[in-house]
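Taking it in order: structure first as structure tokens, then the write-up.
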Amino acid sequence: MEQKNQYITQYPELMKGKRILYVHGFGSSGQSGTVTRIREALPCTEVIAPDLPVHPQEAMYLLNNVCAQKQPHLIIGTSMGGMYAEMLRGFDRILVNPALQMADTMKEHNMMGSQQFQNPRQDGIQEFYVDKALVKEYREMTGRCFEGGDSEDRMRVWGLFGDEDTTVHSLDLFHQHYPTAIRFHGGHRMNDKSFMHSVIPVIRWIDDQQEGRERPIIYIDINSLIDKYGHPQSSSQKAVRTLLENYQVYFVAPSENTVYTTTVSWLYDYINVPAYAHTVFTERKDLLYGDYLIDADKTEGMATLIHYGSDTFKTWDDIIDYFSHLGGQ
């Protein structure tokens with residue numbers, strides 16, 4: 001792991017030697033900021049990012065050809081690109097704020113008339129025009145969403161939905177067809193923070209699954225993360241992000257109904273995407289089968305105890321330092 005700048009961390013081993021197809025949003029291009037983020041974060045990955053034709057049938061033709069020729073290991077589509085990516089069956093896909101009803105989105109957000117491309121395109125074109133005929137083309141295209149996918153393909157699609165997105169609201173529609181729908185902290189347009197905290201964890205899970213990679217397991221008791229005011233302990237969020245780079249991290253909380261909702265809400269607010277499907281509710285932490293348990297209580301069990309608050313692990317910085325010396329073991 002290498003640090004490139006304040007926001008983007010490089011992961012040379014993540015998706016190493018693989019190909020990612022990025023499908024951009026409406027009025028954008030293959031030179032969008034998201035493409036730059038992917039290339040910076042995954043320097044050993046080939047990122048394919050074509051400029052899409054304005055007409056949807058032409059765009060799908062191009063994307064199908066790219067997939068046939070390049071066989072990408074992962075497709076990431078944002079907004080309109082998420083709509084296209086949904087229809088590229090047979091590949092692992094991440095749909096970020098997918099515009100699954102693109103024609104309605106165009107009308108609702110004044111995307112009619114003369115439009116400027118937001119990013120430079122290889123063909124040099126700077127403007128395009130949206131009329132009723134083009135909107136009709138998009139309506140016909142989105143009518144093909146969710147067609148032809150089987151149960152195996154549905155398990156290969158991840159939907160990420162910004163909780164501050166004011167442009168597209170497609171989570172419920174997506175969730176009617178796909179099981180994995182995750183809310184992340186962010187708006188419609190991705191920034192460095194939402195990319196690193198929300199998309200990178202999902203890419204890591206997909207890469208691990210593709211490689212059959214089994215990382216050592218760390219359980220973190222939620223009480224070790226929360227201070228007396230209900231906020232994250234100092235450096236605890238940094239520690240979680242650091243541990244995710246080398247370990248399979250699960251969060252542990254009591255199973256009583258009275259605390260379930262509060263726990264889910266806290267994890268959503270402060271941990272967010274990494275806690276998705278990685279939270280264990282139990283009263284028997286001693287039976288957790290894994291490699292490490294970080295716990296404010298002195299729980300002895302099947303996992304090696306990292307006793308948070310003890311003389312050895314008084315702070316989360318101490319824990320970060322300890323695991324940094326282990327090198328992922």
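Going by the structure tokens order, chains are called A, B, ..., each with residues numbered from 1, while ligands are numbered from 1 in the order shown.
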>> For Arg144 of chain A, find every residue with an atom within 12 Å (counting only C-alpha atoms), except residues of its own chain fewer than 3 positions away, and show them as a VMD selection string.
In response: chain A and resid 56 to 57 60 83 to 88 100 to 102 137 to 141 147 to 149
> Among segment 13-257 of chain A, which ones does DSSP place in alpha helix (DSSP H), written as number ranges by chain?
Replying inline: A: 33-41, 56-70, 80-86, 102-108, 132-142, 151-154, 171-175, 192-194, 200-211, 236-244, 257
> What lies within 12 Å of Tyr308 of chain A using only C-alpha atoms, ignoring chain neighbours under 4 positions off, as an MDAnalysis selection string?
Replying inline: chainID A and resid 220:226 233 236 293:299 312:320 322
Selection export as an mmCIF file, in the first residue's frame, atoms kept: N, CA and C atoms:
data_model
loop_
_atom_site.group_PDB
_atom_site.id
_atom_site.type_symbol
_atom_site.label_atom_id
_atom_site.label_comp_id
_atom_site.auth_asym_id
_atom_site.auth_seq_id
_atom_site.Cartn_x
_atom_site.Cartn_y
_atom_site.Cartn_z
ATOM 1 N N ILE A 220 -14.590 -7.158 15.693
ATOM 2 C CA ILE A 220 -14.459 -5.951 16.505
ATOM 3 C C ILE A 220 -15.748 -5.752 17.296
ATOM 4 N N ASP A 221 -15.640 -5.824 18.607
ATOM 5 C CA ASP A 221 -16.808 -5.558 19.443
ATOM 6 C C ASP A 221 -17.168 -4.083 19.337
ATOM 7 N N ILE A 222 -18.443 -3.805 19.082
ATOM 8 C CA ILE A 222 -18.866 -2.437 18.817
ATOM 9 C C ILE A 222 -18.610 -1.517 20.009
ATOM 10 N N ASN A 223 -18.633 -2.059 21.228
ATOM 11 C CA ASN A 223 -18.402 -1.220 22.401
ATOM 12 C C ASN A 223 -16.983 -0.686 22.473
ATOM 13 N N SER A 224 -16.057 -1.359 21.792
ATOM 14 C CA SER A 224 -14.686 -0.853 21.763
ATOM 15 C C SER A 224 -14.526 0.318 20.791
ATOM 16 N N LEU A 225 -15.542 0.519 19.955
ATOM 17 C CA LEU A 225 -15.489 1.603 18.965
ATOM 18 C C LEU A 225 -16.149 2.890 19.449
ATOM 19 N N ILE A 226 -17.021 2.773 20.446
ATOM 20 C CA ILE A 226 -17.873 3.896 20.841
ATOM 21 C C ILE A 226 -17.387 4.523 22.147
ATOM 22 N N GLN A 233 -14.501 6.225 19.045
ATOM 23 C CA GLN A 233 -13.269 6.424 19.791
ATOM 24 C C GLN A 233 -12.200 7.026 18.878
ATOM 25 N N SER A 236 -10.442 5.189 15.845
ATOM 26 C CA SER A 236 -11.100 3.904 15.585
ATOM 27 C C SER A 236 -11.516 3.762 14.123
ATOM 28 N N LEU A 293 -10.102 -11.127 18.065
ATOM 29 C CA LEU A 293 -11.264 -10.421 18.600
ATOM 30 C C LEU A 293 -10.768 -9.185 19.319
ATOM 31 N N ILE A 294 -11.140 -8.005 18.819
ATOM 32 C CA ILE A 294 -10.822 -6.748 19.490
ATOM 33 C C ILE A 294 -12.010 -6.412 20.375
ATOM 34 N N ASP A 295 -11.771 -6.354 21.683
ATOM 35 C CA ASP A 295 -12.885 -6.280 22.620
ATOM 36 C C ASP A 295 -12.485 -5.455 23.837
ATOM 37 N N ALA A 296 -13.408 -4.591 24.274
ATOM 38 C CA ALA A 296 -13.177 -3.817 25.487
ATOM 39 C C ALA A 296 -13.348 -4.689 26.726
ATOM 40 N N ASP A 297 -14.068 -5.803 26.588
ATOM 41 C CA ASP A 297 -14.177 -6.772 27.671
ATOM 42 C C ASP A 297 -13.057 -7.800 27.538
ATOM 43 N N LYS A 298 -12.740 -8.447 28.604
ATOM 44 C CA LYS A 298 -11.682 -9.458 28.569
ATOM 45 C C LYS A 298 -12.293 -10.816 28.231
ATOM 46 N N THR A 299 -12.762 -10.923 26.981
ATOM 47 C CA THR A 299 -13.432 -12.136 26.536
ATOM 48 C C THR A 299 -12.410 -13.151 26.041
ATOM 49 N N THR A 312 -1.420 -2.844 27.064
ATOM 50 C CA THR A 312 -0.796 -3.095 25.759
ATOM 51 C C THR A 312 -1.547 -2.408 24.627
ATOM 52 N N PHE A 313 -2.860 -2.387 24.725
ATOM 53 C CA PHE A 313 -3.697 -1.817 23.650
ATOM 54 C C PHE A 313 -4.596 -0.722 24.228
ATOM 55 N N LYS A 314 -3.943 0.278 24.791
ATOM 56 C CA LYS A 314 -4.690 1.338 25.472
ATOM 57 C C LYS A 314 -5.513 2.177 24.500
ATOM 58 N N THR A 315 -5.004 2.381 23.287
ATOM 59 C CA THR A 315 -5.686 3.210 22.288
ATOM 60 C C THR A 315 -5.791 2.450 20.963
ATOM 61 N N TRP A 316 -6.587 2.999 20.061
ATOM 62 C CA TRP A 316 -6.693 2.404 18.735
ATOM 63 C C TRP A 316 -5.405 2.591 17.939
ATOM 64 N N ASP A 317 -4.651 3.619 18.248
ATOM 65 C CA ASP A 317 -3.348 3.773 17.587
ATOM 66 C C ASP A 317 -2.411 2.622 17.951
ATOM 67 N N ASP A 318 -2.506 2.148 19.203
ATOM 68 C CA ASP A 318 -1.706 0.986 19.611
ATOM 69 C C ASP A 318 -2.097 -0.249 18.794
ATOM 70 N N ILE A 319 -3.394 -0.383 18.541
ATOM 71 C CA ILE A 319 -3.878 -1.529 17.769
ATOM 72 C C ILE A 319 -3.430 -1.418 16.314
ATOM 73 N N ILE A 320 -3.496 -0.221 15.753
ATOM 74 C CA ILE A 320 -3.020 -0.007 14.387
ATOM 75 C C ILE A 320 -1.548 -0.395 14.279
ATOM 76 N N TYR A 322 0.152 -2.439 16.194
ATOM 77 C CA TYR A 322 0.339 -3.878 16.376
ATOM 78 C C TYR A 322 0.071 -4.627 15.074
#
> Which polymer residues have any atom within 9 Å of an atom of segment 107-118 of chain A, counting only C-alpha atoms, with same-chain residues fewer than 4 positions away left out, as a VMD selection string?
Replying inline: chain A and resid 26 to 29 32 102 to 103 125 to 132 135 167
> For Gln210 of chain A, which residue out of A:Phe91, A:Tyr7, A:Tyr260, A:Tyr229 is the nearest one, using only C-alpha atoms?
Replying inline: A:Phe91
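Distance annotation: of A:Phe323, A:Tyr268, A:Phe184, A:Phe174, the residue with the minimal separation from Leu244 of chain A is A:Phe323; atom set is only C-alpha atoms.
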Find the nearest atom pair between each residue of segment 117-233 of chain A and segment 281-290 of chain A for residues within 8 Å, count only C-alpha atoms, give distances in Å to one decimal, sort rows by chain and ascending number, and present the table as JSON lines.
{"residue": "A:Pro216", "atom": "CA", "partner": "A:Gly290", "partner_atom": "CA", "distance": 7.3}
{"residue": "A:Ile217", "atom": "CA", "partner": "A:Gly290", "partner_atom": "CA", "distance": 5.1}
{"residue": "A:Ile218", "atom": "CA", "partner": "A:Gly290", "partner_atom": "CA", "distance": 6.6}
{"residue": "A:Tyr219", "atom": "CA", "partner": "A:Gly290", "partner_atom": "CA", "distance": 7.4}
>> Report as a ChimeraX atom specification all protein, DNA and RNA residues lying within 8 Å of His197 of chain A, evaluated on only C-alpha atoms, omitting residues in the same chain fewer than 4 positions from it.
In response: /A:193,201,273
Please produce a file of the residues just selected, as a short mmCIF file (atom, residue, chain, number, x, y, z; two decimals), in the first residue's frame, where the atoms kept are C-alpha atoms.
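Heads up, here's the output in result_30.cif:
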data_model
loop_
_atom_site.label_atom_id
_atom_site.label_comp_id
_atom_site.auth_asym_id
_atom_site.auth_seq_id
_atom_site.Cartn_x
_atom_site.Cartn_y
_atom_site.Cartn_z
CA LYS A 193 -14.16 10.26 0.01
CA PRO A 201 -14.45 -1.96 -0.01
CA VAL A 273 -20.41 0.18 3.70
#
>> Write out as number ranges by chain the set of residues from segment 20-258 of chain A that DSSP, computed on the backbone, places in strand (DSSP E or B).
In response: A: 20-23, 46-48, 74-78, 93-96, 113-116, 127-130, 157-162, 181-184, 217-221, 226, 232, 248-253
>> Applying 8 Å and only C-alpha atoms, which residues near Pro50 of chain A remain after dropping the ones on its own chain fewer than 3 positions away? List them as a PyMOL selection string.
In response: chain A and resi 22-23+29-30
